[in-house]
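Have a look at query.txt; it's compact mmCIF, C-alpha atoms:
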```txt
# COMPACT_ATOMS: atom_id res chain seq x y z
CA MET A 6 25.47 30.07 -39.72
CA ARG A 7 26.87 26.94 -41.29
CA ILE A 8 27.41 23.69 -39.44
CA SER A 9 31.17 24.37 -39.24
CA GLU A 10 30.54 27.63 -37.39
CA LEU A 11 27.96 26.02 -35.11
CA SER A 12 30.58 23.39 -34.29
CA GLU A 13 33.19 26.05 -33.55
CA ARG A 14 30.84 28.12 -31.39
CA THR A 15 29.80 25.18 -29.23
CA GLY A 16 32.83 22.89 -29.29
CA VAL A 17 30.62 20.05 -30.51
CA SER A 18 31.93 18.13 -33.53
CA THR A 19 29.94 18.24 -36.77
CA ALA A 20 29.56 14.47 -36.53
CA SER A 21 27.92 14.84 -33.10
CA ILE A 22 25.70 17.68 -34.37
CA LYS A 23 24.45 15.45 -37.19
CA TYR A 24 23.96 12.59 -34.74
CA TYR A 25 21.91 14.74 -32.34
CA THR A 26 19.80 15.94 -35.28
CA ARG A 27 19.16 12.38 -36.45
CA GLU A 28 18.20 11.36 -32.91
CA GLY A 29 15.79 14.28 -32.63
CA LEU A 30 17.62 16.17 -29.85
CA LEU A 31 18.48 19.09 -32.12
CA PRO A 32 15.97 20.61 -34.57
CA VAL A 33 17.05 20.43 -38.20
CA GLY A 34 18.52 23.61 -39.59
CA GLU A 35 17.00 25.64 -42.40
CA ARG A 36 17.76 24.21 -45.82
CA THR A 37 19.39 27.02 -47.84
CA GLY A 38 20.65 25.16 -50.86
CA TYR A 39 21.37 21.77 -52.35
CA ASN A 40 24.05 20.93 -49.83
CA SER A 41 23.90 23.63 -47.16
CA THR A 42 21.90 24.17 -43.99
CA ALA A 43 21.65 27.30 -41.87
CA TYR A 44 21.64 27.21 -38.08
CA GLY A 45 20.67 29.96 -35.63
CA GLU A 46 21.14 31.00 -32.00
CA ALA A 47 18.45 28.54 -30.89
CA HIS A 48 20.69 25.74 -32.15
CA VAL A 49 23.64 27.09 -30.17
CA ALA A 50 21.56 27.22 -26.97
CA ARG A 51 20.12 23.76 -27.56
CA LEU A 52 23.53 22.19 -28.20
CA ARG A 53 24.87 23.66 -24.97
CA LEU A 54 21.89 22.29 -23.07
CA ILE A 55 22.47 18.85 -24.62
CA ARG A 56 26.14 18.85 -23.62
CA ALA A 57 25.37 20.04 -20.09
CA LEU A 58 22.85 17.23 -19.63
CA ILE A 59 25.19 14.59 -21.04
CA ASP A 60 28.62 15.75 -19.86
CA THR A 61 27.85 17.26 -16.45
CA GLY A 62 24.58 15.52 -15.68
CA GLY A 63 25.73 12.11 -16.88
CA LEU A 64 22.63 11.42 -18.94
CA THR A 65 22.75 9.01 -21.86
CA VAL A 66 21.91 10.41 -25.29
CA ALA A 67 18.62 8.51 -25.17
CA ALA A 68 17.71 9.98 -21.76
CA ALA A 69 18.69 13.49 -22.90
CA GLY A 70 16.42 12.94 -25.92
CA ARG A 71 13.50 12.04 -23.68
CA VAL A 72 13.80 15.10 -21.46
CA ILE A 73 14.29 17.40 -24.46
CA ALA A 74 11.20 15.96 -26.11
CA ALA A 75 9.34 16.74 -22.88
CA ILE A 76 10.63 20.33 -22.89
CA ASP A 77 9.59 20.78 -26.52
CA ASP A 78 6.08 19.36 -26.20
CA PRO A 79 3.78 22.13 -24.91
CA GLY A 80 1.11 19.50 -24.34
CA ILE A 81 3.09 17.92 -21.52
CA GLU A 82 2.20 19.42 -18.16
CA LEU A 83 4.96 20.71 -15.95
CA ASP A 84 4.63 18.08 -13.25
CA HIS A 85 4.88 15.42 -15.93
CA VAL A 86 8.11 17.04 -17.14
CA PHE A 87 9.29 16.77 -13.54
CA GLY A 88 8.57 13.06 -13.52
CA ILE A 89 10.33 12.46 -16.84
CA ALA A 90 13.40 14.40 -15.70
CA GLN A 91 13.48 12.56 -12.38
CA GLN A 92 13.45 9.21 -14.18
CA SER A 93 16.19 10.28 -16.59
CA VAL A 94 19.13 10.33 -14.18
CA PRO A 95 20.82 6.96 -14.57
CA ARG A 96 20.87 4.90 -11.41
CA GLU A 97 21.19 1.16 -11.39
CA ILE A 98 20.08 0.01 -8.00
CA THR A 99 19.37 -3.30 -6.36
CA PRO A 100 15.73 -3.53 -5.24
CA PRO A 101 15.64 -2.23 -1.65
CA SER A 102 14.39 -4.16 1.37
CA ALA A 103 10.88 -3.51 2.70
CA ALA A 104 12.42 -2.33 6.00
CA SER A 105 14.41 0.41 4.29
CA VAL A 106 11.45 1.48 2.15
CA GLU A 107 9.47 1.81 5.37
CA LYS A 108 12.23 3.99 6.87
CA VAL A 109 11.94 6.30 3.86
CA HIS A 110 8.15 6.38 4.25
CA ALA A 111 8.59 7.26 7.92
CA VAL A 112 10.72 10.26 6.99
CA MET A 113 8.12 11.24 4.38
CA ARG A 114 5.38 11.15 7.01
CA GLU A 115 7.54 13.16 9.38
CA ARG A 116 7.92 15.89 6.78
CA GLY A 117 4.43 15.63 5.30
CA TRP A 118 5.81 14.57 1.91
CA ALA A 119 3.30 12.91 -0.41
CA THR A 120 4.25 11.38 -3.76
CA VAL A 121 3.07 8.75 -6.18
CA ASP A 122 4.32 5.28 -5.27
CA LYS A 123 6.66 5.10 -8.24
CA ASN A 124 8.69 8.19 -7.32
CA PRO A 125 12.24 7.04 -8.15
CA GLY A 126 13.63 8.71 -5.03
CA ILE A 127 12.00 6.15 -2.74
CA PRO A 128 13.86 3.04 -3.96
CA LEU A 129 17.01 5.11 -4.48
CA ALA A 130 17.09 6.41 -0.89
CA ALA A 131 16.02 3.01 0.48
CA SER A 132 18.78 1.15 -1.38
CA VAL A 133 21.34 3.49 0.18
CA LEU A 134 19.88 2.71 3.62
CA ASP A 135 20.33 -0.99 2.81
CA ASP A 136 23.95 -0.35 1.91
CA LEU A 137 24.46 1.61 5.11
CA ALA A 138 22.93 -1.20 7.15
CA VAL A 139 25.64 -3.62 6.02
CA THR A 140 28.46 -1.25 6.83
CA ARG A 141 29.21 -0.19 10.38
CA THR A 142 27.89 3.30 9.73
CA ASP A 143 24.57 4.42 11.11
CA LEU A 144 23.17 7.26 9.07
CA SER A 145 19.63 6.72 10.32
CA ALA A 146 20.23 9.38 12.96
CA VAL A 147 20.98 11.94 10.26
CA LEU A 148 18.07 10.97 8.01
CA SER A 149 15.65 13.45 9.60
CA ARG A 150 18.20 16.24 9.42
CA TYR A 151 18.96 15.44 5.79
CA ALA A 152 15.23 15.56 5.04
CA GLU A 153 14.82 18.92 6.78
CA ALA A 154 17.63 20.39 4.67
CA ILE A 155 16.27 18.81 1.50
CA ASP A 156 12.91 20.46 2.19
CA MET A 157 14.65 23.84 1.96
CA ILE A 158 16.40 22.77 -1.25
CA ALA A 159 13.21 21.58 -2.92
CA GLU A 160 11.49 24.83 -1.98
CA ALA A 161 14.35 26.77 -3.60
CA ASP A 162 14.15 24.50 -6.66
CA LEU A 163 10.48 25.28 -7.16
CA ASP A 164 11.02 29.01 -6.66
CA ALA A 165 13.67 28.91 -9.41
CA VAL A 166 11.26 27.14 -11.74
CA ALA A 167 8.43 29.55 -10.97
CA ALA A 168 10.70 32.54 -11.61
CA SER A 169 11.89 31.35 -14.98
CA GLY A 170 9.10 32.66 -17.21
CA ASP A 171 6.83 30.92 -19.69
CA ARG A 172 5.99 27.23 -19.88
CA ASP A 173 8.95 26.33 -22.13
CA GLN A 174 11.45 28.08 -19.91
CA MET A 175 9.90 26.54 -16.81
CA ALA A 176 10.13 23.10 -18.41
CA GLU A 177 13.80 23.68 -19.23
CA ALA A 178 14.41 24.94 -15.68
CA VAL A 179 12.81 21.79 -14.27
CA VAL A 180 15.07 19.53 -16.31
CA VAL A 181 18.25 21.51 -15.72
CA GLY A 182 17.50 21.90 -12.02
CA ILE A 183 16.93 18.20 -11.46
CA VAL A 184 19.81 16.95 -13.54
CA LEU A 185 22.47 19.55 -12.68
CA GLY A 186 21.21 20.43 -9.20
CA ASP A 187 22.42 17.10 -7.77
CA VAL A 188 25.92 17.85 -9.04
CA LEU A 189 25.89 21.40 -7.70
CA LEU A 190 24.79 20.13 -4.29
CA ALA A 191 27.49 17.43 -4.32
CA GLY A 192 30.08 20.15 -4.99
CA LEU A 193 28.84 22.41 -2.21
CA ARG A 194 28.71 19.46 0.19
CA ARG A 195 32.40 18.71 -0.40
CA ILE A 196 33.30 22.30 0.38
CA ALA A 197 31.13 22.44 3.51
CA GLN A 198 32.38 19.09 4.79
CA GLU A 199 35.98 20.18 4.59
CA SER A 200 35.24 23.51 6.22
CA HIS A 201 33.25 21.94 9.06
CA THR A 202 36.04 19.39 9.60
CA HIS A 203 38.64 22.12 10.03
CA ARG A 204 36.33 24.07 12.32
CA ARG A 205 35.57 21.08 14.50
CA TYR A 206 38.92 19.32 14.67
CA ARG A 207 41.49 22.02 13.99
CA GLY A 208 39.96 25.15 15.45
CA GLY A 209 39.27 26.54 11.99
CA VAL A 210 42.84 26.19 10.75
CA VAL A 211 42.93 25.05 7.14
CA PRO A 212 46.11 23.06 6.35
CA GLY A 213 48.28 24.70 3.71
CA GLN A 214 45.91 27.65 3.47
CA THR A 215 47.50 30.42 1.46
CA HIS A 216 44.68 32.70 0.39
CA GLU A 217 42.82 35.00 2.76
CA THR A 218 39.54 33.82 4.12
CA ASN A 219 36.78 35.66 5.83
CA GLU A 220 36.11 33.84 9.04
CA THR A 221 35.20 36.74 11.26
CA GLU A 222 31.61 35.68 11.57
CA GLU A 223 30.51 32.22 12.55
CA PRO A 224 27.41 31.29 10.54
CA THR A 225 24.63 29.53 12.33
CA MET B 18 34.03 -20.30 5.95
CA ARG B 19 35.16 -21.32 2.48
CA ILE B 20 35.19 -18.99 -0.49
CA SER B 21 32.01 -20.62 -1.87
CA GLU B 22 30.11 -19.76 1.32
CA LEU B 23 31.54 -16.24 1.36
CA SER B 24 30.31 -15.86 -2.21
CA GLU B 25 26.86 -17.14 -1.28
CA ARG B 26 26.57 -14.91 1.81
CA THR B 27 27.48 -11.75 -0.09
CA GLY B 28 26.27 -12.41 -3.60
CA VAL B 29 29.76 -11.66 -4.92
CA SER B 30 31.17 -14.21 -7.35
CA THR B 31 34.28 -16.16 -6.35
CA ALA B 32 36.07 -14.66 -9.36
CA SER B 33 35.34 -11.16 -8.04
CA ILE B 34 36.41 -12.16 -4.51
CA LYS B 35 39.75 -13.36 -5.86
CA TYR B 36 40.08 -10.20 -7.95
CA TYR B 37 39.42 -7.91 -4.95
CA THR B 38 41.99 -9.89 -2.95
CA ARG B 39 44.62 -9.55 -5.69
CA GLU B 40 43.91 -5.81 -5.93
CA GLY B 41 44.30 -5.42 -2.16
CA LEU B 42 40.68 -4.39 -1.41
CA LEU B 43 39.96 -7.57 0.55
CA PRO B 44 42.43 -9.05 3.07
CA VAL B 45 43.61 -12.55 2.21
CA GLY B 46 41.87 -15.35 4.10
CA GLU B 47 43.58 -17.69 6.50
CA ARG B 48 45.41 -20.53 4.77
CA THR B 49 44.02 -23.77 6.22
CA GLY B 50 45.46 -26.33 3.85
CA TYR B 51 47.17 -26.89 0.54
CA ASN B 52 44.23 -25.66 -1.47
CA SER B 53 41.79 -24.08 0.98
CA THR B 54 41.40 -20.69 2.62
CA ALA B 55 39.13 -19.70 5.49
CA TYR B 56 37.24 -16.42 5.57
CA GLY B 57 35.50 -14.76 8.51
CA GLU B 58 32.83 -12.18 9.30
CA ALA B 59 35.29 -9.35 8.64
CA HIS B 60 35.49 -10.53 5.04
CA VAL B 61 31.71 -10.51 4.73
CA ALA B 62 31.51 -6.93 6.05
CA ARG B 63 34.37 -5.78 3.85
CA LEU B 64 32.86 -7.32 0.70
CA ARG B 65 29.55 -5.57 1.37
CA LEU B 66 31.37 -2.28 1.83
CA ILE B 67 33.23 -2.80 -1.46
CA ARG B 68 30.00 -3.51 -3.34
CA ALA B 69 28.20 -0.55 -1.80
CA LEU B 70 31.02 1.78 -2.85
CA ILE B 71 31.17 0.37 -6.39
CA ASP B 72 27.52 -0.44 -7.14
CA THR B 73 25.66 2.34 -5.32
CA GLY B 74 28.43 4.92 -5.06
CA GLY B 75 29.66 4.43 -8.61
CA LEU B 76 33.34 4.20 -7.65
CA THR B 77 35.80 2.39 -9.88
CA VAL B 78 37.60 -0.61 -8.38
CA ALA B 79 40.78 1.48 -8.26
CA ALA B 80 39.04 4.33 -6.42
CA ALA B 81 37.41 1.89 -3.99
CA GLY B 82 40.89 0.44 -3.40
CA ARG B 83 42.27 3.88 -2.54
CA VAL B 84 39.58 4.72 0.00
CA ILE B 85 39.78 1.27 1.57
CA ALA B 86 43.54 1.61 1.90
CA ALA B 87 42.90 4.92 3.65
CA ILE B 88 40.42 3.29 6.04
CA ASP B 89 42.88 0.49 6.82
CA ASP B 90 45.92 2.68 7.45
CA PRO B 91 45.75 3.94 11.07
CA GLY B 92 48.56 6.38 10.25
CA ILE B 93 46.30 8.40 7.97
CA GLU B 94 44.56 11.20 9.85
CA LEU B 95 40.83 11.52 9.60
CA ASP B 96 40.78 14.74 7.61
CA HIS B 97 43.14 13.17 5.12
CA VAL B 98 40.71 10.25 4.78
CA PHE B 99 38.06 12.90 4.06
CA GLY B 100 40.18 14.35 1.27
CA ILE B 101 40.87 10.94 -0.28
CA ALA B 102 37.18 10.01 -0.18
CA GLN B 103 36.18 13.36 -1.66
CA GLN B 104 38.58 12.86 -4.57
CA SER B 105 37.34 9.31 -5.18
CA VAL B 106 33.90 10.08 -6.57
CA PRO B 107 34.30 10.06 -10.34
CA ARG B 108 33.48 13.34 -12.00
CA GLU B 109 34.83 14.35 -15.36
CA ILE B 110 34.37 18.06 -15.63
CA THR B 111 35.46 20.75 -18.01
CA PRO B 112 37.64 23.35 -16.27
CA PRO B 113 35.28 26.06 -14.97
CA SER B 114 35.46 29.74 -15.84
CA ALA B 115 37.06 32.18 -13.41
CA ALA B 116 33.71 33.98 -13.08
CA SER B 117 31.97 30.84 -11.84
CA VAL B 118 34.80 29.97 -9.48
CA GLU B 119 34.43 33.47 -8.02
CA LYS B 120 30.68 32.90 -7.56
CA VAL B 121 31.49 29.78 -5.55
CA HIS B 122 34.06 31.69 -3.50
CA ALA B 123 31.43 34.38 -2.83
CA VAL B 124 29.07 31.76 -1.40
CA MET B 125 31.91 30.35 0.67
CA ARG B 126 32.62 33.79 2.13
CA GLU B 127 28.92 34.28 2.81
CA ARG B 128 28.83 31.07 4.84
CA GLY B 129 32.28 31.38 6.37
CA TRP B 130 33.49 28.22 4.63
CA ALA B 131 37.26 27.83 4.42
CA THR B 132 38.97 25.04 2.49
CA VAL B 133 42.22 24.28 0.79
CA ASP B 134 42.31 25.55 -2.79
CA LYS B 135 42.21 22.08 -4.27
CA ASN B 136 38.90 21.06 -2.65
CA PRO B 137 37.22 19.18 -5.55
CA GLY B 138 33.86 20.72 -4.72
CA ILE B 139 34.95 24.15 -5.95
CA PRO B 140 35.55 23.27 -9.64
CA LEU B 141 32.61 20.85 -9.53
CA ALA B 142 30.12 23.48 -8.33
CA ALA B 143 31.65 26.12 -10.62
CA SER B 144 31.37 23.92 -13.70
CA VAL B 145 27.67 23.45 -13.01
CA LEU B 146 27.28 27.24 -12.76
CA ASP B 147 28.96 27.47 -16.19
CA ASP B 148 26.47 24.98 -17.58
CA LEU B 149 23.58 26.88 -16.04
CA ALA B 150 24.85 30.12 -17.56
CA VAL B 151 24.46 28.73 -21.09
CA THR B 152 20.93 27.49 -20.48
CA ARG B 153 18.08 29.87 -19.83
CA THR B 154 17.91 28.83 -16.20
CA ASP B 155 19.16 31.11 -13.46
CA LEU B 156 20.04 29.11 -10.40
CA SER B 157 22.24 31.85 -8.95
CA ALA B 158 19.29 33.03 -6.90
CA VAL B 159 19.06 29.65 -5.20
CA LEU B 160 22.79 29.26 -4.61
CA SER B 161 22.68 30.92 -1.17
CA ARG B 162 19.70 28.81 -0.14
CA TYR B 163 21.40 25.63 -1.35
CA ALA B 164 24.48 26.57 0.66
CA GLU B 165 22.43 27.20 3.80
CA ALA B 166 20.83 23.76 3.52
CA ILE B 167 24.17 22.13 2.75
CA ASP B 168 25.58 23.65 5.94
CA MET B 169 22.97 21.67 7.90
CA ILE B 170 23.81 18.53 5.95
CA ALA B 171 27.56 18.83 6.54
CA GLU B 172 26.93 19.38 10.25
CA ALA B 173 24.84 16.19 10.34
CA ASP B 174 27.56 14.36 8.38
CA LEU B 175 30.19 15.26 10.95
CA ASP B 176 27.93 14.33 13.86
CA ALA B 177 27.46 10.90 12.28
CA VAL B 178 31.22 10.48 11.94
CA ALA B 179 31.87 11.62 15.51
CA ALA B 180 29.25 9.19 16.84
CA SER B 181 30.64 6.17 15.05
CA GLY B 182 33.29 5.07 17.55
CA ASP B 183 37.01 4.41 17.16
CA ARG B 184 39.30 5.75 14.45
CA ASP B 185 38.69 2.84 12.05
CA GLN B 186 34.93 3.14 12.33
CA MET B 187 35.12 6.91 11.95
CA ALA B 188 37.26 6.49 8.84
CA GLU B 189 34.73 4.05 7.39
CA ALA B 190 31.89 6.42 8.28
CA VAL B 191 33.69 9.25 6.48
CA VAL B 192 34.05 7.24 3.29
CA VAL B 193 30.56 5.79 3.35
CA GLY B 194 29.00 9.14 4.22
CA ILE B 195 30.72 10.98 1.40
CA VAL B 196 30.20 8.34 -1.28
CA LEU B 197 26.69 7.16 -0.41
CA GLY B 198 25.43 10.40 1.14
CA ASP B 199 25.20 12.09 -2.27
CA VAL B 200 22.96 9.29 -3.52
CA LEU B 201 20.77 9.37 -0.41
CA LEU B 202 20.34 13.14 -0.79
CA ALA B 203 19.51 12.78 -4.49
CA GLY B 204 16.80 10.28 -3.58
CA LEU B 205 15.29 12.49 -0.87
CA ARG B 206 15.40 15.47 -3.23
CA ARG B 207 13.31 13.62 -5.83
CA ILE B 208 10.69 12.83 -3.21
CA ALA B 209 10.60 16.37 -1.82
CA GLN B 210 10.45 17.94 -5.29
CA GLU B 211 7.43 15.90 -6.25
CA SER B 212 5.70 16.60 -2.97
CA HIS B 213 6.36 20.35 -3.16
CA THR B 214 5.12 20.39 -6.76
CA HIS B 215 1.82 18.81 -5.78
CA ARG B 216 1.48 21.15 -2.84
CA ARG B 217 2.18 24.25 -4.89
CA TYR B 218 0.37 23.48 -8.13
CA ARG B 219 -2.33 21.00 -7.20
CA GLY B 220 -3.29 21.94 -3.66
CA GLY B 221 -1.58 18.88 -2.25
CA VAL B 222 -3.40 16.41 -4.47
CA VAL B 223 -1.10 13.65 -5.64
CA PRO B 224 -2.18 12.21 -9.01
CA GLY B 225 -3.13 8.55 -8.82
CA GLN B 226 -2.52 8.49 -5.08
CA THR B 227 -3.81 5.25 -3.66
CA HIS B 228 -2.12 4.82 -0.31
CA GLU B 229 -2.96 6.89 2.72
CA THR B 230 -0.75 9.81 3.52
CA ASN B 231 -0.42 11.84 6.62
CA GLU B 232 -0.86 15.44 5.55
CA THR B 233 -2.58 16.80 8.61
CA GLU B 234 0.36 18.92 9.58
CA GLU B 235 2.09 21.29 7.20
CA PRO B 236 5.83 21.33 7.92
CA THR B 237 7.58 24.67 7.85
```
Take the structure from the file and write it as structure tokens.
Amino acid sequence: MRISELSERTGVSTASIKYYTREGLLPVGERTGYNSTAYGEAHVARLRLIRALIDTGGLTVAAAGRVIAAIDDPGIELDHVFGIAQQSVPREITPPSAASVEKVHAVMRERGWATVDKNPGIPLAASVLDDLAVTRTDLSAVLSRYAEAIDMIAEADLDAVAASGDRDQMAEAVVVGIVLGDVLLAGLRRIAQESHTHRRYRGGVVPGQTHETNETEEPT
Amino acid sequence: MRISELSERTGVSTASIKYYTREGLLPVGERTGYNSTAYGEAHVARLRLIRALIDTGGLTVAAAGRVIAAIDDPGIELDHVFGIAQQSVPREITPPSAASVEKVHAVMRERGWATVDKNPGIPLAASVLDDLAVTRTDLSAVLSRYAEAIDMIAEADLDAVAASGDRDQMAEAVVVGIVLGDVLLAGLRRIAQESHTHRRYRGGVVPGQTHETNETEEPT
């Protein structure tokens, strides 16, 4: 297909398509004449991946380029792809205090989690604990329970990767799971928080509820 | 204390302090003379909360202003504070497909979650499912497991709110928990993912590991 059709199929402007090609995120199309290039289904799929990473995942174009390069390079081992994807999510944080880093390490010991020292989750979690320390909210009591739930989530993440096929598909699953998984979890958490609030403080009555809900069984 | 000391204590510039005061995020200090204003510990705590919401939580100044107004207004019920805080986290999403919204509703039925229709988590989670549908990754198999883990997290969230004291402290805990909790969970998830990867693919060996880890007990 021509670039105009590729643009129509994906909703990405031709200018952006050319930009992604120049930046190496999108493979060049097949040259079919002096001034025309043919694109295929692989280009459609790749463009949608790029937009998901940038629009939903919040990655910069440069960060999306790095993770896509990692997907495309069969020489990069899967756990290295993991590391690259983990580093790609933009987070500007103030360096955490040693006390909060130690709290994170304590939770890691409790759960038997072992990582390299530069795992970006450690300073990220610790900087939140610093922030919490200056507010009047004590989330340290929930830290262990968060970690227990996150253990289940990480196990599910790895099962999804393992189920996704060959190395290239696994690499794509790793990137997509890390970048979009946070957003999916944030969405589910908003739903669960509201539901638990109604259950706890209003006996399960949802204000302004108009559609039918199935609340016959209380989940554990 | 004077504004210069408040600035020093909190690391927030005097220009920003004046800006937050004008925008209503920070209460005005006590007028002590023609050209001097006195600030107290409440101002220190409030400034740290503002910076945590904006810097770590990624809120805009306007969104931080809305949640702080909700904390400060004793007439706003706690579940309304929840709703305001949930809406405050910036997420630009493309409207999700009906099919993905239905998938989210199916998970909600499975877990007995009931919410108002406009809960922002529903379109957020559904838009991620749309993104996943266009990549080669199938996360639908993990959706139920994510939801089960999120149920534990929401329960912990509400326990933390309930434990935090009077209405004002509970309102602050709600806001902080929603805004910063996502970031804390994202950090823990990065740690757990790396640890599970090593455990599954490298027999627990962490590459380049130099510090001692406690891996004597395998958590379930």
(request) Up to 6 Å from chain A, what residues of chain B turn up? Count only C-alpha atoms and give them as number ranges by chain. (result) B: 66, 69, 126, 128-133, 138, 141-142, 145, 148, 152, 154, 159, 163, 166-167, 170-171, 173, 190, 201, 204-210, 212, 226, 231-232, 236
Any chance you can output those residues with C-alpha atoms as a CSV table (one decimal), in the coordinates of the input?
```csv
chain,number,residue,atom,x,y,z
B,66,LEU,CA,31.4,-2.3,1.8
B,69,ALA,CA,28.2,-0.6,-1.8
B,126,ARG,CA,32.6,33.8,2.1
B,128,ARG,CA,28.8,31.1,4.8
B,129,GLY,CA,32.3,31.4,6.4
B,130,TRP,CA,33.5,28.2,4.6
B,131,ALA,CA,37.3,27.8,4.4
B,132,THR,CA,39.0,25.0,2.5
B,133,VAL,CA,42.2,24.3,0.8
B,138,GLY,CA,33.9,20.7,-4.7
B,141,LEU,CA,32.6,20.8,-9.5
B,142,ALA,CA,30.1,23.5,-8.3
B,145,VAL,CA,27.7,23.4,-13.0
B,148,ASP,CA,26.5,25.0,-17.6
B,152,THR,CA,20.9,27.5,-20.5
B,154,THR,CA,17.9,28.8,-16.2
B,159,VAL,CA,19.1,29.6,-5.2
B,163,TYR,CA,21.4,25.6,-1.4
B,166,ALA,CA,20.8,23.8,3.5
B,167,ILE,CA,24.2,22.1,2.8
B,170,ILE,CA,23.8,18.5,6.0
B,171,ALA,CA,27.6,18.8,6.5
B,173,ALA,CA,24.8,16.2,10.3
B,190,ALA,CA,31.9,6.4,8.3
B,201,LEU,CA,20.8,9.4,-0.4
B,204,GLY,CA,16.8,10.3,-3.6
B,205,LEU,CA,15.3,12.5,-0.9
B,206,ARG,CA,15.4,15.5,-3.2
B,207,ARG,CA,13.3,13.6,-5.8
B,208,ILE,CA,10.7,12.8,-3.2
B,209,ALA,CA,10.6,16.4,-1.8
B,210,GLN,CA,10.4,17.9,-5.3
B,212,SER,CA,5.7,16.6,-3.0
B,226,GLN,CA,-2.5,8.5,-5.1
B,231,ASN,CA,-0.4,11.8,6.6
B,232,GLU,CA,-0.9,15.4,5.6
B,236,PRO,CA,5.8,21.3,7.9
```
(message) What does the structure give for the distance between CA of Thr54 in chain B and CA of Met18 in chain B, in Å to one decimal?
(response)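 It comes out at 8.1 Å.
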(message) Report, in Å to a single decimal, how far apart CA of Ser105 in chain B and CA of Ala87 in chain B are.
(response)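 Separating CA of Ala87 in chain B from CA of Ser105 in chain B is a distance of 11.3 Å.
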(message) Please determine, counting only C-alpha atoms, which residue among A:Arg7, A:Ala69, A:Ala167, A:Arg172 has the shortest atom-to-atom distance to Thr37 in chain A.
(response)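 Using only C-alpha atoms, the shortest distance to Thr37 in chain A belongs to A:Arg7.
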(request) Would you list the contacts of Ala80 in chain B as a PyMOL selection string, taking every protein, DNA or RNA residue within 8 Å and counting all atoms listed in the file, but skipping same-chain residues closer than 4 positions in sequence? (result) chain B and resi 76+84+105-106
(request) Could you jot down the CA of Ala86 in chain B to CA of Leu42 in chain B separation for me, Å, one decimal place? (result) 7.4 Å
As JSON: centre and edge lengths in Å, one decimal, of the axis-aligned box holding range 104-118 of chain B with 4 Å per side:
```
{"center_x": 35.3, "center_y": 21.6, "center_z": -11.3, "size_x": 14.6, "size_y": 32.7, "size_z": 21.4}
```
